[in-house]
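Visitor: Take a look at the following structure, please.
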Amino acid sequence: MNKNALIVVTNHSELGNTGDKTGWYLAEVSHVYWPLINAGFKIEFASPQGGNAPVEKDSIKIDDPENKSFVEKFNLKEHLPTKSMSDIDPTNYQVIYFAGGHGTMWDFPDNRDIQRVTAAIYENGGIVGAVCHGPSALVNVKLSDGKYLVQDKKINSFSDAEEREVKKDHIVPFLLETRLRERGAFYESAPNWGDKVVTSERLVTGQNPQSASSLGKAIVRCYEELKVSTSSKDSAQDNTTSSSL
């Protein structure tokens with residue numbers, strides 16, 4: 001079975017009209033990248049527009065071992081090269097993961113290619129993961145039955161309380177927790193900055209940067225459980241076929 005994962009990051013670098021810069025958050029990539037690599041996944045990077053995706057400079061903390069290894073491997077300074085989501089064939093991936101960073105709030109929610117690829121991977125039996133502001137990618141994803149992907153599923157993301165604590169609740173286009181609830185998701189959260197990951201069917205989401213490492217491990221665990229489940233079904237089907245011969 002192929003083990004291909006797509007990590008999606010933001011292209012957006014402006015924090016509203018504040019004049020401040022943003023982008024994707026390093027630990028929310030590196031702390032998921034390494035568990036997937038160690039589990040044998042081949043990983044590609046994508047963004048809504050493709051090209052060089054800006055990292056949030058304040059997140060580059062190389063005293064963190066996973067961050068340091070990632071920065072060194074990709075010679076990361078300000079940008080990460082990515083594929084455009086419009087070029088992504090969802091049949092090539094078993095996992096799609098959306099990293100956070102405030103930039104995602106502007107270019108993830110309404111991107112039609114994000115919606116197309118995410119729905120297809122999920123309906124093909126794949127895993128959808130996201131952390132912090134990454135679940136902004138999921139708020140408008142609909143499945144073939146017309147329902148939102150997040151509807152009736154347990155979910156997590158950067159909480160409204162955390163957004164207010166960092167004083168960006170009046171800067172972001174919407175409050176993510178509130179929007180997910182509006183889409184019919186069952187939102188669960190930890191106290192501010194707590195490590196919290198929620199798995200609901202094949203949807204794996206985490207609350208904040210502190211949750212990224214746990215989320216990476218949860219994606220791998222979900223994949224392994226799914227693989228065992230699929231193998232069991234195949235084995236049972238083979239036995240049924242043999243018995244009928």
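By convention here, the chains of the structure tokens are called A, B, ... in the order presented, each chain's residues are numbered starting at 1, and ligands are numbered starting at 1 in the order presented.
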Could you go through stretch 76-203 of chain A and tell me which residues DSSP, when run on the backbone, assigns to strand (DSSP E), listing them as JSON, numbers by chain?
Guide: {"A": [79, 80, 81, 82, 83, 84, 95, 96, 97, 98, 127, 128, 129, 130, 131, 154, 155, 186, 187, 197, 198, 199, 200, 203]}
Visitor: Among stretch 43-214 of chain A, which ones does DSSP place in helix (DSSP H, G or I), written as a ChimeraX atom specification?
Guide: /A:57-59,65-74,85-87,90-92,104-107,112-123,134-138,160-165,176-182,209-214
Visitor: Excluding stretch 89-94 of chain A and any residue of its chain fewer than 5 positions from it, enumerate the residues within 7 Å of it, using only C-alpha atoms, and give them as a count of residues only.
Guide: 9
Visitor: Let me make sure I understand: among A:Gly146, A:Gly23, A:Gly129, A:Gly50, which one has the smallest atom-to-atom distance to A:Val197 if we use only C-alpha atoms?
Guide: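 Once distances to A:Val197 are computed over only C-alpha atoms, the minimum belongs to A:Gly129.
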Visitor: Name all residues at most 10 Å from A:Gln207 (count only C-alpha atoms; drop same-chain ones fewer than 4 positions away) and give them as number ranges by chain.
Guide: A: 100, 130-135, 155-159, 162, 177, 188-198, 211-212, 215
Visitor: Quick one: of A:Phe41, A:Trp34, A:Tyr25, A:Tyr187, who's nearest to A:Thr205, counting only C-alpha atoms?
Guide: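 So, comparing all the options, the nearest one is A:Tyr187.
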Visitor: When you look at A:Ser69 with a cut-off of 12 Å (counting only C-alpha atoms), what residues show up, excluding the ones that are within fewer than 3 positions of it in the same chain? I need them as a ChimeraX atom specification.
Guide: /A:26-27,29-31,33-34,60-66,72-76
Visitor: May I have the selected residues written with N, CA and C atoms, as a compact mmCIF listing (two decimals), in the first residue's frame?
Guide:
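Writing the result to part-v5.txt gives the following:
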# COMPACT_ATOMS: atom_id res chain seq x y z
N LEU A 26 6.21 27.04 11.83
CA LEU A 26 7.22 26.00 11.63
C LEU A 26 6.95 24.71 12.41
N ALA A 27 6.70 24.82 13.72
CA ALA A 27 6.52 23.61 14.52
C ALA A 27 5.31 22.80 14.06
N VAL A 29 4.52 22.26 11.11
CA VAL A 29 4.97 21.46 9.97
C VAL A 29 5.99 20.42 10.45
N SER A 30 7.04 20.87 11.11
CA SER A 30 8.13 19.96 11.47
C SER A 30 7.69 18.85 12.42
N HIS A 31 6.80 19.17 13.37
CA HIS A 31 6.40 18.18 14.37
C HIS A 31 5.42 17.14 13.81
N TYR A 33 5.80 16.47 10.21
CA TYR A 33 6.66 15.93 9.14
C TYR A 33 7.49 14.73 9.61
N TRP A 34 8.15 14.88 10.75
CA TRP A 34 9.07 13.83 11.18
C TRP A 34 8.35 12.54 11.59
N ILE A 60 10.37 30.43 13.88
CA ILE A 60 11.65 29.74 13.60
C ILE A 60 12.47 29.69 14.88
N LYS A 61 12.30 28.59 15.61
CA LYS A 61 13.00 28.39 16.88
C LYS A 61 13.82 27.11 16.77
N ILE A 62 15.10 27.26 16.47
CA ILE A 62 15.91 26.09 16.18
C ILE A 62 16.48 25.44 17.44
N ASP A 63 16.09 25.93 18.63
CA ASP A 63 16.45 25.20 19.84
C ASP A 63 15.56 23.97 19.99
N ASP A 64 14.50 23.90 19.19
CA ASP A 64 13.62 22.74 19.12
C ASP A 64 14.25 21.75 18.13
N PRO A 65 14.50 20.49 18.54
CA PRO A 65 15.21 19.54 17.68
C PRO A 65 14.52 19.28 16.34
N GLU A 66 13.18 19.13 16.36
CA GLU A 66 12.46 18.87 15.11
C GLU A 66 12.53 20.07 14.18
N GLU A 72 17.46 22.62 8.68
CA GLU A 72 18.70 22.17 8.05
C GLU A 72 18.43 21.35 6.79
N LYS A 73 17.45 20.46 6.85
CA LYS A 73 17.17 19.61 5.70
C LYS A 73 16.74 20.42 4.48
N PHE A 74 15.91 21.44 4.70
CA PHE A 74 15.36 22.21 3.58
C PHE A 74 16.05 23.57 3.41
N ASN A 75 17.12 23.78 4.15
CA ASN A 75 17.84 25.06 4.08
C ASN A 75 16.85 26.21 4.19
N LEU A 76 15.96 26.10 5.16
CA LEU A 76 14.85 27.03 5.31
C LEU A 76 15.32 28.37 5.87
Visitor: Which residues come within 7 Å of stretch 220-223 of chain A, counting only C-alpha atoms, excluding same-chain residues fewer than 3 positions away, as a list in words?
Guide: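 My list of contacting residues is Leu36, Ala39, Gly216, Lys217, Leu226 and Lys227 of chain A.
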Visitor: Using only C-alpha atoms, which of the listed residues (A:Glu28, A:Glu225, A:Glu182, A:Asp113) sits closest to A:Asp152?
Guide: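 Among the listed residues, the smallest separation from A:Asp152 belongs to A:Glu182.
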Visitor: With only C-alpha atoms as the basis for distance, which of A:Ile219, A:Ile171, A:Ile37, A:Val150 is at the shortest distance from A:Gly19?
Guide: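 For A:Gly19, the nearest of the candidates is A:Ile171.
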Visitor: Of the candidates A:Arg164, A:Arg116, A:Arg181, A:His170, which shows the shortest atom-to-atom distance to A:Ile88, using only C-alpha atoms?
Guide: A:Arg116
Visitor: To one decimal place in Å, what is the distance between atom CA of A:Val71 and atom CA of A:Lys168?
Guide: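 Atom CA of A:Lys168 lies at a distance of 27.5 Å from atom CA of A:Val71.
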